[in-house]
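Some notes on the structure that comes next.
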Amino acid sequence: CVLLRSFARGLVCLEREGEFHTATATLPAAFSDLLPHFLVEPEDEYIVKNKPVTLTCRSTPATQIYFKCNGEWVHQDDHLIERTVDPATALPVMQVTIEITRQQVEKIFGLDEYWCQCVAWSTTGTQKSQKAYIRIAYLRKNFEEEPQGKEVALDQEVLLRCHPPEGVPQAEVEWQRNEDVIDPASDPNFFITADHNLIIKKARLADTGNYTCVAKNIVARRKSTSATVLIYVNGGWSTWTTWSSCSAVCGRGWQKRSRSCTNPTPLNGGTSCEGQNIQKSACVATCPVDGGWSEWSKWSACGADCSMWRSRECTQPSPGTGGKDCQGLDLQSLNCTSEQCPQSEKCFSPRGLSTGSYGAEDVALYVGMVAVALCLTLLLIVVVLVYRRKKEGLDADVADSSILTTGFQPMGIKPKNSHLLTIQPDLTTTTTSYQGTLRSRHDTTGKFSMTNGPLLDPLPNGSHTLHNGKLNPDPADFVSRLSTQSYFKTLPRDVANTSYGTFNFLGGRLTIPNTGISLLIPPEAIPRGKIYEIYLTVQRKEDLRLPLAGCQTLLSPVVSCGPPGVVLSRPVILSMDHCSDACLDNWAIRLKKQNYEGAWEDVLLMGEELVSEPYYCQLEAETCRLFSEQLGTFALVGESLHMGAAKRLRLVLFSDAYCSTLEYNIRVYCMDDTQDVFKEVMQMERQLGGRLIDEPHVLLFKDSYHNLRLSIHDMPQAHWRSKLLAGYQEIPFYHIWNGSQRYLHCTFTLERLSLSTCELTCQLCVWQVEGEGQSFSLDFNIAKFLLMDNNATALAGPSAFQIPYLIRQKICSSLDAPCPNGADWRMLAQRLKLERHMSFFASKASPTSVILDLWEAQHFHSGNINQLATVMADIGKQEAMIFLVSDGEC
């Protein structure tokens with residue numbers, strides 16, 4: 001359509017294909033073939049509050065410029081036009097500006113983003129500028145996530161989360177501590193992540209303060225609520241002082257030593273040191289003996305010097321061990337009377353000289369006899385003191401509290417004959433003792449003594465193998481072949497705890513019966529055309545010790561699957577039990593893997609999994625599901641972050657099924673709450689002829705550094721009595737917490753007063769010393785025995801899956817493709833309560849197949865395929881009917 005508006009003005013209006021063109025007088029001939037080009041194009045702008053924004057467009061050579069916003073021409077009256085001439089080129093330059101108001105942008109809100117561009121004309125043609133987007137700037141008031149206050153130990157890492165308010169443009173974030181801006185460039189101990197979280201790499205006392213997250217853009221500035229970070233220091237004990245001297249100068253007394261909670265001193269609410277700051281020990285001080293005089297001897301005959309004498313000795317008693325000597329004279333002399341005094345001539349007569357010599361010999365004889373008697377007396381005293389000291393050495397009233405923890409040591413005894421079933425603990429061995437009451441409600445005043453019950457190694461109990469495809473006829477042959485290879489020499493040759501099978505692309509499952517350990521090999525995990533012989537085994541902890549330090553503890557069995565060189569197209573799922581309280585706030589749980597050199601490496605930190613890594617974990621209440629693209633040896637190791645962390649212990653009670661003597665033993669095992677440990681104890685007790693006398697019970701054992709005490713009460717005194725000299729038995733904390741000790745137990749030896757007595761009802765109390773652990777009672781009757789579970793047969797091959805292969809392919813093809821309303825694999829994960837792992841599923845080529853793999857691993861024994869069909873129907877997929885296909889089609 002061509003409309004001639006005005007020849008006078010030289011304008012031609014051309015309307016063609018929805019565009020409005022305006023032309024003016026022609027350009028000089030030298031520039032008539034030039035297209036317009038833009039010197040200035042409109043830029044993106046933000047409308048702040050109600051202030052309009054200005055868009056500018058400049059072009060040369062141009063006869064006309066008009067703005068077009070959201071597909072509509074802006075009215076000519078809204079343009080501000082300025083014409084100039086470029087002095088360098090003599091070309092005409094045209095600049096046009098328009099204003100955009102908030103009302104114009106809000107008018108089309110919700111339909112599309114508001115945009116404008118300008119169109120420039122010349123006699124040769126037209127040009128369009130870039131689009132400029134105009135957005136209304138804002139910043140919400142409320143933060144989507146604000147930082148939370150924390151109390152953190154010294155040198156620990158601190159993470160403060162911040163998700164700023166929604167805003168346009170997106171808000172920038174800075175962190176403040178006590179109103180001062182944190183600059184990670186000047187203090188490298190701080191790090192701000194890409195998603196605006198603040199990390200304090202190593203907490204210092206100076207880092208204590210109020211932290212604020214500040215979000216700002218061109219509209220406003222918002223501050224979050226302040227989060228108080230308190231860096232505390234837990235107290236530590238100094239070294240013990242030397243023992244003080246005995247409190248008694250003579251006889252029985254005390255000596256003590258002390259320590260102080262100053263290494264370091266607790267600060268900012270840090271925990272004080274656990275335990276005693278003073279230790280006492282009994283001592284016996286040898287009493288000093290003051291010397292005592294013997295009776296005076298008879299007066300001697302009057303000597304030639306007209307004097308006579310008598311003597312006494314300091315032997316009644318003789319002074320000893322620092323006692324005082326006798327005070328006074330040991331020799332007395334007296335002048336003779338005139339009647340007794342001999343004449344002078346007699347004094348010098350040969351007879352008188354002879355008489356005087358005779359008196360001196362008598363004195364020497366008496367002195368020698370007294371010296372011999374004194375030596376014999378001292379020797380006798382020394383012998384008596386040594387004898388009394390040896391006899392009374394074990395009768396000290398109080399022993400060092402640290403000695404109480406030495407009475408329980410793990411050991412192993414292999415049974416040789418059936419008569420070992422009635423062997424009792426040796427109560428005649430030397431033990432330390434503690435005298436005092438156990439609890440206020442008990443009347444136990446006897447002395448405490450520890451005895452070691454029999455701890456036995458389990459014996460092999462048959463084999464459990466899988467039959468799928470071509471297998472070796474002898475399970476032991478498979479294990480022996482593996483052990484000949486260099487990498488597998490560390491594998492146990494216990495076929496009872498090893499399963500193996502031959503697998504192809506259809507996959508299968510390996511299970512070690514009664515251990516909770518299984519390996520799911522999904523379909524297509526093994527490449528087509530490949531056939532692998534795969535094994536699964538549980539290692540003995542004492543054969544393959546993990547390096548544990550500090551508060552670390554072993555939370556799972558050590559499981560090997562292999563061979564390690566197997567090439568997998570998809571991750572397999574290794575399931576194994578763990579004994580943590582499954583609260584990641586209390587733990588730092590790491591997955592460890594043993595490399596080819598035998599060293600252990602950290603390959604995964606629970607809660608911080610990366611979808612790009614070859615390992616991924618789902619931690620359930622009692623089980624860990626490990627997605628692994630590599631086979632090898634794995635274990636879970638936990639490090640408690642504070643004393644609220646707890647391990648689950650399983651308390652199991654056994655006794656002898658048959659007893660022909662008056663003595664009766666009750667064995668209480670305290671083990672990690674995992675099925676593999678329970679299986680080992682059951683196998684060992686089966687060899688001993690032991691019987692389970694009560695259902696296992698679970699106890700939460702906290703990281704409080706306190707030992708575990710066990711005691712038996714409320715026995716019928718008319719029929720039974722305890723042979724222990726103690727009110728309780730105690731298992732050291734680190735024996736339990738480490739997790740590598742096997743068969744930890746206490747043996748209570750009881751005695752029935754009559755062979756006709758066969759029933760016993762009593763209570764077992766278990767608690768942590770001075771800690772916050774549980775304390776509860778167990779009622780049991782040893783006349784009632786529980787049956788032991790039989791080992792189940794391991795399964796493998798296609799029969800290991802509940803979902804048939806063809807049905808599985810149909811589900812995957814139906815749900816893998818994204819659906820606009822979300823009715824795809826994402827909704828399946830939500831219905832199965834697996835939404836936490838969305839990012840992991842999304843990283844896989846077929847997210848649905850990984851979800852179904854996890855469902856198979858979780859519900860192998862209890863899964864209901866009809867429930868899965870119901871979930872498919874809820875999603876709204878017609879493919880839910882595929883669960884009703886015939887067996888022949890599957």
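Naming works like this for the structure tokens: A, B, ... for the chains as they're shown, residue 1 at the start of each chain, ligands 1 onward in shown order.
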Report task. Would you please extract all strand (DSSP E) residues from range 683-746 of chain A, as assigned by DSSP on the backbone, and give them as an MDAnalysis selection string? Result -> chainID A and resid 690:692 697:702 708:713 720:722 729:731 745:746
Query - Spatial neighbours of range 372-384 of chain A, max dist 9 Å, only C-alpha atoms, sep filter under 5 positions, as a VMD selection string - result: chain A and resid 315 317 to 318 320 367 389
Keeping only C-alpha atoms, write those residues as a compact mmCIF listing (two decimals), in the first residue's frame.
```
# COMPACT_ATOMS: atom_id res chain seq x y z
CA THR A 315 66.61 -53.43 123.42
CA PRO A 317 62.40 -52.55 122.16
CA SER A 318 65.28 -51.60 119.95
CA GLY A 320 63.68 -48.78 114.37
CA VAL A 367 78.34 -57.33 125.52
CA ARG A 389 52.84 -56.27 103.95
```
**Report entry** Contact residues around range 83-89 of chain A with only C-alpha atoms at 10 Å, ignoring same-chain residues under 2 positions, as a list of chain:residue names
**Finding:**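 The filter keeps A:Phe31, A:Arg58, A:Thr60, A:Pro61, A:Ala62, A:Thr63, A:Gln64, A:Ile81, A:Leu91, A:Pro92, A:Val93, A:Met94, A:Gln95, A:Val96.
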Would you save the residues of that selection, restricted to all heavy atoms, as a short mmCIF file (atom, residue, chain, number, x, y, z; two decimals), in the first residue's frame?
```cif
data_model
loop_
_atom_site.label_atom_id
_atom_site.label_comp_id
_atom_site.auth_asym_id
_atom_site.auth_seq_id
_atom_site.Cartn_x
_atom_site.Cartn_y
_atom_site.Cartn_z
N PHE A 31 26.49 9.96 -0.81
CA PHE A 31 26.14 9.08 0.30
C PHE A 31 24.80 8.39 0.08
O PHE A 31 24.20 7.87 1.01
CB PHE A 31 26.08 9.88 1.61
CG PHE A 31 27.33 10.67 1.88
CD1 PHE A 31 27.34 12.05 1.73
CD2 PHE A 31 28.48 10.01 2.26
CE1 PHE A 31 28.49 12.78 1.96
CE2 PHE A 31 29.63 10.75 2.51
CZ PHE A 31 29.66 12.13 2.36
N ARG A 58 21.14 6.83 18.33
CA ARG A 58 21.80 7.78 17.44
C ARG A 58 22.30 7.00 16.23
O ARG A 58 22.93 5.94 16.40
CB ARG A 58 22.95 8.47 18.13
CG ARG A 58 23.66 9.51 17.28
CD ARG A 58 24.88 10.06 17.99
NE ARG A 58 24.50 10.65 19.27
CZ ARG A 58 25.38 10.93 20.23
NH1 ARG A 58 26.65 10.64 20.05
NH2 ARG A 58 24.98 11.47 21.36
N THR A 60 23.69 7.35 11.79
CA THR A 60 24.15 8.14 10.64
C THR A 60 24.41 7.21 9.47
O THR A 60 24.88 6.08 9.68
CB THR A 60 25.42 8.94 10.99
OG1 THR A 60 25.77 9.75 9.87
CG2 THR A 60 26.58 8.03 11.33
N PRO A 61 24.18 7.57 8.20
CA PRO A 61 23.29 8.69 7.85
C PRO A 61 21.86 8.22 8.03
O PRO A 61 21.52 7.09 7.68
CB PRO A 61 23.63 8.96 6.41
CG PRO A 61 24.04 7.63 5.88
CD PRO A 61 24.72 6.91 7.01
N ALA A 62 20.99 9.01 8.55
CA ALA A 62 19.61 8.62 8.80
C ALA A 62 18.69 9.79 8.49
O ALA A 62 19.00 10.95 8.81
CB ALA A 62 19.43 8.20 10.25
N THR A 63 17.62 9.46 7.84
CA THR A 63 16.61 10.47 7.55
C THR A 63 15.52 10.49 8.61
O THR A 63 14.97 11.53 8.91
CB THR A 63 15.98 10.21 6.18
OG1 THR A 63 15.43 8.89 6.17
CG2 THR A 63 17.03 10.31 5.08
N GLN A 64 15.23 9.29 9.17
CA GLN A 64 14.23 9.21 10.26
C GLN A 64 14.63 8.07 11.20
O GLN A 64 15.22 7.07 10.78
CB GLN A 64 12.82 8.94 9.69
CG GLN A 64 12.19 10.09 8.96
CD GLN A 64 11.93 11.27 9.86
OE1 GLN A 64 11.74 11.11 11.07
NE2 GLN A 64 11.91 12.48 9.28
N ILE A 81 13.75 14.60 19.12
CA ILE A 81 14.66 14.43 18.00
C ILE A 81 15.68 15.56 17.99
O ILE A 81 15.33 16.73 18.21
CB ILE A 81 13.87 14.38 16.67
CG1 ILE A 81 12.84 13.25 16.71
CG2 ILE A 81 14.82 14.21 15.49
CD1 ILE A 81 11.92 13.24 15.50
N LEU A 91 28.09 13.80 7.10
CA LEU A 91 26.86 13.01 7.07
C LEU A 91 25.91 13.53 8.13
O LEU A 91 26.34 13.94 9.23
CB LEU A 91 27.16 11.54 7.32
CG LEU A 91 27.89 10.77 6.22
CD1 LEU A 91 28.21 9.36 6.68
CD2 LEU A 91 27.05 10.74 4.96
N PRO A 92 24.64 13.46 7.83
CA PRO A 92 23.66 13.88 8.84
C PRO A 92 23.59 12.85 9.98
O PRO A 92 23.64 11.65 9.74
CB PRO A 92 22.35 13.95 8.07
CG PRO A 92 22.54 13.01 6.93
CD PRO A 92 23.99 13.09 6.56
N VAL A 93 23.52 13.32 11.21
CA VAL A 93 23.41 12.48 12.40
C VAL A 93 22.10 12.81 13.09
O VAL A 93 21.79 13.99 13.31
CB VAL A 93 24.58 12.68 13.37
CG1 VAL A 93 24.40 11.84 14.61
CG2 VAL A 93 25.91 12.36 12.67
N MET A 94 21.34 11.78 13.37
CA MET A 94 20.06 11.97 14.05
C MET A 94 20.08 11.21 15.38
O MET A 94 20.47 10.05 15.42
CB MET A 94 18.90 11.48 13.17
CG MET A 94 17.53 11.64 13.84
SD MET A 94 16.18 11.14 12.75
CE MET A 94 16.21 12.48 11.59
N GLN A 95 19.65 11.88 16.45
CA GLN A 95 19.55 11.27 17.79
C GLN A 95 18.12 11.40 18.28
O GLN A 95 17.53 12.49 18.22
CB GLN A 95 20.51 11.94 18.76
CG GLN A 95 20.39 11.38 20.18
CD GLN A 95 21.43 11.97 21.10
OE1 GLN A 95 22.62 11.84 20.88
NE2 GLN A 95 20.97 12.67 22.12
N VAL A 96 17.58 10.30 18.75
CA VAL A 96 16.19 10.27 19.23
C VAL A 96 16.19 9.69 20.63
O VAL A 96 16.86 8.69 20.90
CB VAL A 96 15.31 9.42 18.30
CG1 VAL A 96 13.89 9.38 18.83
CG2 VAL A 96 15.34 9.99 16.89
#
```
So that I can see what lies close to range 242-254 of chain A, please list as a short mmCIF file (atom, residue, chain, number, x, y, z; two decimals) with all heavy atoms, in the first residue's frame the residues with an atom at most 8 Å from it, counting only C-alpha atoms and leaving out residues fewer than 6 positions away in the same chain.
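Now in part_28.cif:
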```cif
data_model
loop_
_atom_site.label_atom_id
_atom_site.label_comp_id
_atom_site.auth_asym_id
_atom_site.auth_seq_id
_atom_site.Cartn_x
_atom_site.Cartn_y
_atom_site.Cartn_z
N LYS A 280 43.04 -41.17 94.66
CA LYS A 280 43.56 -41.62 95.95
C LYS A 280 43.98 -43.08 95.85
O LYS A 280 43.41 -43.85 95.09
CB LYS A 280 42.50 -41.47 97.05
CG LYS A 280 42.20 -40.02 97.42
CD LYS A 280 41.23 -39.95 98.59
CE LYS A 280 40.97 -38.50 99.00
NZ LYS A 280 40.03 -38.44 100.16
N SER A 281 44.95 -43.42 96.65
CA SER A 281 45.42 -44.80 96.68
C SER A 281 45.79 -45.14 98.12
O SER A 281 46.29 -44.28 98.87
CB SER A 281 46.64 -44.97 95.76
OG SER A 281 47.12 -46.29 95.83
N ALA A 282 45.52 -46.36 98.49
CA ALA A 282 45.85 -46.81 99.84
C ALA A 282 47.36 -46.98 99.98
O ALA A 282 48.05 -47.34 99.04
CB ALA A 282 45.14 -48.12 100.15
N CYS A 283 47.85 -46.71 101.19
CA CYS A 283 49.27 -46.89 101.46
C CYS A 283 49.43 -47.37 102.90
O CYS A 283 48.54 -47.19 103.73
CB CYS A 283 50.05 -45.60 101.22
SG CYS A 283 49.51 -44.22 102.25
N VAL A 284 50.53 -47.97 103.18
CA VAL A 284 50.85 -48.46 104.53
C VAL A 284 52.21 -47.89 104.92
O VAL A 284 53.21 -48.15 104.25
CB VAL A 284 50.88 -50.00 104.59
CG1 VAL A 284 51.27 -50.46 105.97
CG2 VAL A 284 49.53 -50.58 104.18
N ALA A 285 52.23 -47.10 105.95
CA ALA A 285 53.48 -46.49 106.46
C ALA A 285 54.02 -47.33 107.62
O ALA A 285 53.27 -47.70 108.53
CB ALA A 285 53.25 -45.06 106.90
N THR A 286 55.29 -47.65 107.55
CA THR A 286 55.92 -48.42 108.63
C THR A 286 56.04 -47.53 109.86
O THR A 286 56.58 -46.41 109.79
CB THR A 286 57.31 -48.90 108.19
OG1 THR A 286 57.17 -49.63 106.97
CG2 THR A 286 57.92 -49.78 109.25
N CYS A 287 55.57 -48.02 111.01
CA CYS A 287 55.53 -47.21 112.22
C CYS A 287 56.93 -47.06 112.81
O CYS A 287 57.70 -48.03 112.88
CB CYS A 287 54.62 -47.86 113.26
SG CYS A 287 52.92 -48.00 112.69
N PRO A 288 57.32 -45.87 113.28
CA PRO A 288 58.60 -45.71 113.97
C PRO A 288 58.54 -46.38 115.35
O PRO A 288 57.51 -46.35 116.03
CB PRO A 288 58.76 -44.19 114.07
CG PRO A 288 57.37 -43.66 114.00
CD PRO A 288 56.59 -44.60 113.14
#
```
Query - Residue among A:Lys150, A:Leu699, A:Asn142, A:His837 lying closest to Glu166 in chain A, counting only C-alpha atoms - result: A:Asn142
Requested in this report: Determine, counting only C-alpha atoms, which protein, DNA and RNA residues have an atom within 6 Å of an atom of range 614-619 of chain A; residues of the same chain fewer than 4 positions away are not included. Present the result as a count of residues only.
Outcome: 6
Query raised in the report: Any idea what's packed within 12 Å of Ala621 in chain A, counting only C-alpha atoms, ignoring anything in its chain fewer than 4 positions away? Could you give it as a ChimeraX atom specification?
Result: /A:576-584,625,648,673-674
Query raised in the report: Could you state the separation of CA of Ser333 in chain A and CA of Asp290 in chain A in Å, given to one decimal place?
Result: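 It comes out at 25.9 Å.
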Query - Separation of CA of Thr265 in chain A from CA of Asn210 in chain A in Å - result: 23.7 Å
Query raised in the report: Given the choices A:Cys336, A:Leu80, A:Ala120, A:Cys213, which gets closest to Pro36 in chain A if the distance is worked out from only C-alpha atoms?
Result: A:Ala120
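Using only C-alpha atoms for every distance, the candidate list A:Phe191, A:Trp720, A:Phe505, A:Trp237 yields A:Trp720 as the residue closest to Cys762 in chain A.
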Report task. As a PyMOL selection string, please: all residues of range 623-848 of chain A that backbone DSSP puts in alpha helix (DSSP H). Result -> chain A and resi 675-688+733-738+805-815+825-831+838-842+847-848
Report task. Can you work out which one of A:Leu154, A:Cys57, A:Leu710, A:Leu554 has the shortest atom-to-atom distance to Thr97 in chain A, counting only C-alpha atoms? Result ->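 The closest residue to Thr97 in chain A is A:Cys57.
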